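Visitor: Here it is, the structure in full.
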Amino acid sequence: MAELVSADLRQRIVRGELVEGQALPTEALLVAQYGVSRPTLREALRILEAESLITVRRGAGGGARVQTPSPRVAARYAGLVLEHRGTTVADVWEARLYLEPPVAGLLARRRTRADLSLLRAAVERRGAHPAETVRLHNDFHALVVRLAGNETLELLVGMLREIVDRATWSAVESDLGTSVQADTERAAVRAHHALVDLLEERDAAGAQALWRRHLRAGAAYLDGGGRNAATLDLLA
């Protein structure tokens, strides 16, 4: 019964009938609605909480609130599966190389004037400190994928990027502010500007080739410290 109750609530969340931040009805109302016992209902809520579809606050003033499905949650579970298999950072990056450059080519064919405006504004943003600059570069990659307009590719590429970032952030963080990091960031900015120019020209082949070189440069940067050969360690 708990599985049936959680399945119904899950469907309502996925369909958008229950929205982000919305409080679920009280325990008494849900018990009456589904005709189950309180322990059964609580088990159903525990299932949804484990799936990160709700958050539950215990005690006075508590209750369950809806969380919409998140790519970060998908990346966390996918990362754990890959870590269990002893997957290396290089393996994940290779998959990203097969997926993300063609997305840049897809965007070149589909882009609008509004897309170009968003991309140029993103390229011009500068971080107040090195860590923020890295975040802005990652945001630019995410924007390129989002504007391409394929939801499935956006999810898959986003998962891979999240896994790589989580696996390598501590190492990258140690380089922040160094001359090597500064050179890498300047090269990234040049690549981002060049990509937007190719997108404006609707040069799909050029955009794809440039983005592949850009991602390979990122892999080479990580490999400079032997980080690509390391197995994923997402629980550290």
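For the structure tokens, the naming scheme is as follows: chains receive sequential letters (A, B, ...) according to their order of presentation, residues are indexed from 1 within each chain, and ligands are indexed from 1 in presentation order.
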Using the chain letters and numbers from this document, which residues of segment 29-181 of chain A does DSSP assign to alpha helix (DSSP H), as a ChimeraX atom specification?

Guide: /A:29-34,38-50,71-84,89-110,113-124,130-148,151-175,179-181

Visitor: Next, dump the selected residues to file, keeping only C-alpha atoms, as a compact mmCIF listing (two decimals), in the first residue's frame.

Guide:
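Resulting contents of selection_1.txt:
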# COMPACT_ATOMS: atom_id res chain seq x y z
CA LEU A 29 -6.25 14.27 5.27
CA LEU A 30 -3.90 11.96 3.36
CA VAL A 31 -4.81 9.01 5.59
CA ALA A 32 -8.49 9.67 4.86
CA GLN A 33 -7.89 10.24 1.13
CA TYR A 34 -5.99 6.99 0.58
CA ARG A 38 -0.63 6.38 9.51
CA PRO A 39 2.40 3.99 9.48
CA THR A 40 1.64 3.13 5.84
CA LEU A 41 1.38 6.79 4.88
CA ARG A 42 4.64 7.58 6.68
CA GLU A 43 6.37 4.78 4.79
CA ALA A 44 5.05 6.22 1.51
CA LEU A 45 6.43 9.64 2.44
CA ARG A 46 9.79 8.09 3.35
CA ILE A 47 9.95 6.58 -0.15
CA LEU A 48 9.34 9.98 -1.76
CA GLU A 49 11.80 11.64 0.59
CA ALA A 50 14.48 9.10 -0.37
CA PRO A 71 19.12 16.73 -12.54
CA ARG A 72 21.46 16.96 -9.54
CA VAL A 73 19.69 14.01 -7.95
CA ALA A 74 19.98 12.03 -11.19
CA ALA A 75 23.68 12.89 -11.38
CA ARG A 76 24.23 11.80 -7.78
CA TYR A 77 22.74 8.35 -8.38
CA ALA A 78 24.46 7.92 -11.75
CA GLY A 79 27.74 8.97 -10.15
CA LEU A 80 27.39 6.39 -7.41
CA VAL A 81 26.79 3.64 -9.98
CA LEU A 82 29.89 4.73 -11.93
CA GLU A 83 31.97 5.01 -8.75
CA HIS A 84 30.91 1.48 -7.76
CA VAL A 89 37.27 10.77 -14.59
CA ALA A 90 38.66 10.27 -18.12
CA ASP A 91 35.88 7.79 -18.90
CA VAL A 92 33.18 10.31 -17.92
CA TRP A 93 34.93 13.10 -19.81
CA GLU A 94 35.12 10.92 -22.92
CA ALA A 95 31.35 10.45 -22.81
CA ARG A 96 30.96 14.20 -22.48
CA LEU A 97 33.16 14.67 -25.58
CA TYR A 98 30.79 12.49 -27.59
CA LEU A 99 27.68 14.39 -26.44
CA GLU A 100 28.44 18.06 -25.84
CA PRO A 101 30.19 19.18 -29.09
CA PRO A 102 27.30 17.96 -31.31
CA VAL A 103 24.97 19.98 -29.09
CA ALA A 104 26.94 23.11 -30.05
CA GLY A 105 26.42 22.18 -33.70
CA LEU A 106 22.71 21.67 -33.06
CA LEU A 107 22.48 25.13 -31.48
CA ALA A 108 24.19 26.68 -34.50
CA ARG A 109 21.36 25.38 -36.67
CA ARG A 110 18.57 26.36 -34.27
CA ARG A 113 18.70 36.33 -32.08
CA ALA A 114 17.49 36.13 -28.49
CA ASP A 115 19.77 33.11 -27.91
CA LEU A 116 22.77 35.06 -29.19
CA SER A 117 21.96 37.94 -26.86
CA LEU A 118 21.83 35.60 -23.88
CA LEU A 119 25.11 33.95 -24.85
CA ARG A 120 26.96 37.23 -25.41
CA ALA A 121 25.76 38.54 -22.05
CA ALA A 122 26.95 35.32 -20.40
CA VAL A 123 30.38 35.55 -22.03
CA GLU A 124 30.85 39.09 -20.73
CA PRO A 130 38.40 32.72 -9.21
CA ALA A 131 35.83 30.26 -7.85
CA GLU A 132 32.98 32.40 -9.16
CA THR A 133 34.70 32.64 -12.55
CA VAL A 134 34.81 28.85 -12.78
CA ARG A 135 31.12 28.72 -11.89
CA LEU A 136 30.30 31.26 -14.63
CA HIS A 137 32.21 29.17 -17.19
CA ASN A 138 30.22 26.11 -16.16
CA ASP A 139 27.02 28.14 -16.41
CA PHE A 140 27.95 29.11 -19.98
CA HIS A 141 28.32 25.44 -20.94
CA ALA A 142 24.94 24.71 -19.38
CA LEU A 143 23.37 27.63 -21.28
CA VAL A 144 24.71 26.35 -24.62
CA VAL A 145 23.12 22.96 -23.98
CA ARG A 146 19.83 24.41 -22.74
CA LEU A 147 19.42 26.72 -25.72
CA ALA A 148 19.97 23.82 -28.14
CA GLU A 151 15.67 18.06 -23.11
CA THR A 152 17.23 14.59 -23.13
CA LEU A 153 20.66 15.85 -24.15
CA GLU A 154 20.40 18.65 -21.57
CA LEU A 155 19.81 16.08 -18.83
CA LEU A 156 22.56 13.69 -19.98
CA VAL A 157 25.21 16.36 -20.53
CA GLY A 158 24.27 18.07 -17.29
CA MET A 159 24.67 14.80 -15.39
CA LEU A 160 28.12 14.20 -16.86
CA ARG A 161 29.23 17.77 -16.14
CA GLU A 162 27.97 17.51 -12.55
CA ILE A 163 29.83 14.23 -12.01
CA VAL A 164 33.11 15.60 -13.41
CA ASP A 165 32.79 18.81 -11.39
CA ARG A 166 32.13 16.97 -8.15
CA ALA A 167 34.99 14.56 -8.78
CA THR A 168 37.56 17.24 -9.65
CA TRP A 169 36.52 20.40 -7.79
CA SER A 170 38.90 19.96 -4.85
CA ALA A 171 41.83 19.60 -7.25
CA VAL A 172 40.73 22.54 -9.39
CA GLU A 173 40.17 24.62 -6.27
CA SER A 174 43.79 24.13 -5.27
CA ASP A 175 44.86 25.75 -8.56
CA SER A 179 49.20 31.46 -13.29
CA VAL A 180 48.19 28.11 -14.82
CA GLN A 181 44.59 28.66 -13.76

Visitor: What's the 7 Å shell around Ala64 of chain A, counting only C-alpha atoms, without same-chain residues fewer than 2 positions away, as a ChimeraX atom specification?

Guide: /A:23-24,54-57,66

Visitor: If we count only C-alpha atoms and set the cut-off at 12 Å, which residues sit around Gly16 of chain A, ignoring sequence neighbours fewer than 5 positions away in its own chain? Please answer as a list in words.

Guide: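 Those residues are Leu9, Arg10, Gln11, Gly21, Gln22, Val66, Gln67, Thr68 and Pro69 of chain A.
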
Visitor: Mind dumping the selected residues with all heavy atoms as a PDB file, in the first residue's frame?

Guide:
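Here's the written file result_38.pdb:
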ATOM      1  N   LEU A   9       1.306   9.851  -5.530  1.00  0.00           N
ATOM      2  CA  LEU A   9       1.860  11.171  -5.235  1.00  0.00           C
ATOM      3  C   LEU A   9       2.996  11.520  -6.194  1.00  0.00           C
ATOM      4  O   LEU A   9       3.124  12.661  -6.641  1.00  0.00           O
ATOM      5  CB  LEU A   9       2.356  11.221  -3.789  1.00  0.00           C
ATOM      6  CG  LEU A   9       1.260  11.214  -2.717  1.00  0.00           C
ATOM      7  CD1 LEU A   9       1.867  11.004  -1.332  1.00  0.00           C
ATOM      8  CD2 LEU A   9       0.468  12.528  -2.746  1.00  0.00           C
ATOM      9  N   ARG A  10       3.803  10.520  -6.545  1.00  0.00           N
ATOM     10  CA  ARG A  10       4.907  10.739  -7.490  1.00  0.00           C
ATOM     11  C   ARG A  10       4.367  11.207  -8.835  1.00  0.00           C
ATOM     12  O   ARG A  10       4.898  12.147  -9.453  1.00  0.00           O
ATOM     13  CB  ARG A  10       5.712   9.454  -7.653  1.00  0.00           C
ATOM     14  CG  ARG A  10       6.975   9.612  -8.498  1.00  0.00           C
ATOM     15  CD  ARG A  10       7.667   8.270  -8.715  1.00  0.00           C
ATOM     16  NE  ARG A  10       8.048   7.629  -7.477  1.00  0.00           N
ATOM     17  CZ  ARG A  10       7.511   6.506  -7.003  1.00  0.00           C
ATOM     18  NH1 ARG A  10       6.531   5.881  -7.695  1.00  0.00           N
ATOM     19  NH2 ARG A  10       7.913   5.979  -5.868  1.00  0.00           N
ATOM     20  N   GLN A  11       3.319  10.549  -9.322  1.00  0.00           N
ATOM     21  CA  GLN A  11       2.726  10.933 -10.602  1.00  0.00           C
ATOM     22  C   GLN A  11       2.176  12.358 -10.549  1.00  0.00           C
ATOM     23  O   GLN A  11       2.310  13.123 -11.504  1.00  0.00           O
ATOM     24  CB  GLN A  11       1.621   9.957 -10.984  1.00  0.00           C
ATOM     25  CG  GLN A  11       2.121   8.593 -11.419  1.00  0.00           C
ATOM     26  CD  GLN A  11       0.995   7.652 -11.793  1.00  0.00           C
ATOM     27  OE1 GLN A  11      -0.181   8.011 -11.668  1.00  0.00           O
ATOM     28  NE2 GLN A  11       1.339   6.460 -12.237  1.00  0.00           N
ATOM     29  N   GLY A  21       7.714  23.405  -3.684  1.00  0.00           N
ATOM     30  CA  GLY A  21       7.474  24.177  -2.469  1.00  0.00           C
ATOM     31  C   GLY A  21       6.086  24.032  -1.878  1.00  0.00           C
ATOM     32  O   GLY A  21       5.827  24.506  -0.760  1.00  0.00           O
ATOM     33  N   GLN A  22       5.181  23.393  -2.612  1.00  0.00           N
ATOM     34  CA  GLN A  22       3.813  23.248  -2.109  1.00  0.00           C
ATOM     35  C   GLN A  22       3.775  22.247  -0.969  1.00  0.00           C
ATOM     36  O   GLN A  22       4.409  21.193  -1.015  1.00  0.00           O
ATOM     37  CB  GLN A  22       2.892  22.778  -3.243  1.00  0.00           C
ATOM     38  CG  GLN A  22       1.440  22.571  -2.828  1.00  0.00           C
ATOM     39  CD  GLN A  22       0.563  22.146  -3.997  1.00  0.00           C
ATOM     40  OE1 GLN A  22       0.972  22.233  -5.165  1.00  0.00           O
ATOM     41  NE2 GLN A  22      -0.642  21.678  -3.708  1.00  0.00           N
ATOM     42  N   VAL A  66       6.806  19.677  -1.470  1.00  0.00           N
ATOM     43  CA  VAL A  66       7.179  19.087  -2.755  1.00  0.00           C
ATOM     44  C   VAL A  66       8.513  19.639  -3.241  1.00  0.00           C
ATOM     45  O   VAL A  66       8.805  20.825  -3.102  1.00  0.00           O
ATOM     46  CB  VAL A  66       6.088  19.385  -3.805  1.00  0.00           C
ATOM     47  CG1 VAL A  66       6.527  18.927  -5.195  1.00  0.00           C
ATOM     48  CG2 VAL A  66       4.779  18.712  -3.400  1.00  0.00           C
ATOM     49  N   GLN A  67       9.338  18.736  -3.805  1.00  0.00           N
ATOM     50  CA  GLN A  67      10.528  19.107  -4.566  1.00  0.00           C
ATOM     51  C   GLN A  67      10.391  18.508  -5.962  1.00  0.00           C
ATOM     52  O   GLN A  67      10.126  17.312  -6.082  1.00  0.00           O
ATOM     53  CB  GLN A  67      11.808  18.545  -3.925  1.00  0.00           C
ATOM     54  CG  GLN A  67      12.232  19.216  -2.659  1.00  0.00           C
ATOM     55  CD  GLN A  67      13.610  18.753  -2.216  1.00  0.00           C
ATOM     56  OE1 GLN A  67      14.348  19.495  -1.606  1.00  0.00           O
ATOM     57  NE2 GLN A  67      13.953  17.510  -2.509  1.00  0.00           N
ATOM     58  N   THR A  68      10.536  19.321  -6.984  1.00  0.00           N
ATOM     59  CA  THR A  68      10.437  18.770  -8.333  1.00  0.00           C
ATOM     60  C   THR A  68      11.687  17.960  -8.659  1.00  0.00           C
ATOM     61  O   THR A  68      12.752  18.196  -8.088  1.00  0.00           O
ATOM     62  CB  THR A  68      10.271  19.901  -9.373  1.00  0.00           C
ATOM     63  OG1 THR A  68      11.292  20.878  -9.175  1.00  0.00           O
ATOM     64  CG2 THR A  68       8.918  20.561  -9.243  1.00  0.00           C
ATOM     65  N   PRO A  69      11.576  16.985  -9.573  1.00  0.00           N
ATOM     66  CA  PRO A  69      12.737  16.152  -9.920  1.00  0.00           C
ATOM     67  C   PRO A  69      13.910  17.012 -10.364  1.00  0.00           C
ATOM     68  O   PRO A  69      13.761  17.942 -11.153  1.00  0.00           O
ATOM     69  CB  PRO A  69      12.214  15.285 -11.073  1.00  0.00           C
ATOM     70  CG  PRO A  69      10.737  15.229 -10.857  1.00  0.00           C
ATOM     71  CD  PRO A  69      10.361  16.570 -10.291  1.00  0.00           C
TER      72      PRO A  69
END

Visitor: From a backbone DSSP assignment, name each residue in segment 43-229 of chain A labelled strand (DSSP E), as a list in words.

Guide: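 Of segment 43-229 of chain A, only Ile54, Thr55, Val56, Arg57, Gly63, Ala64, Arg65 and Val66 of chain A fall in strand (DSSP E).
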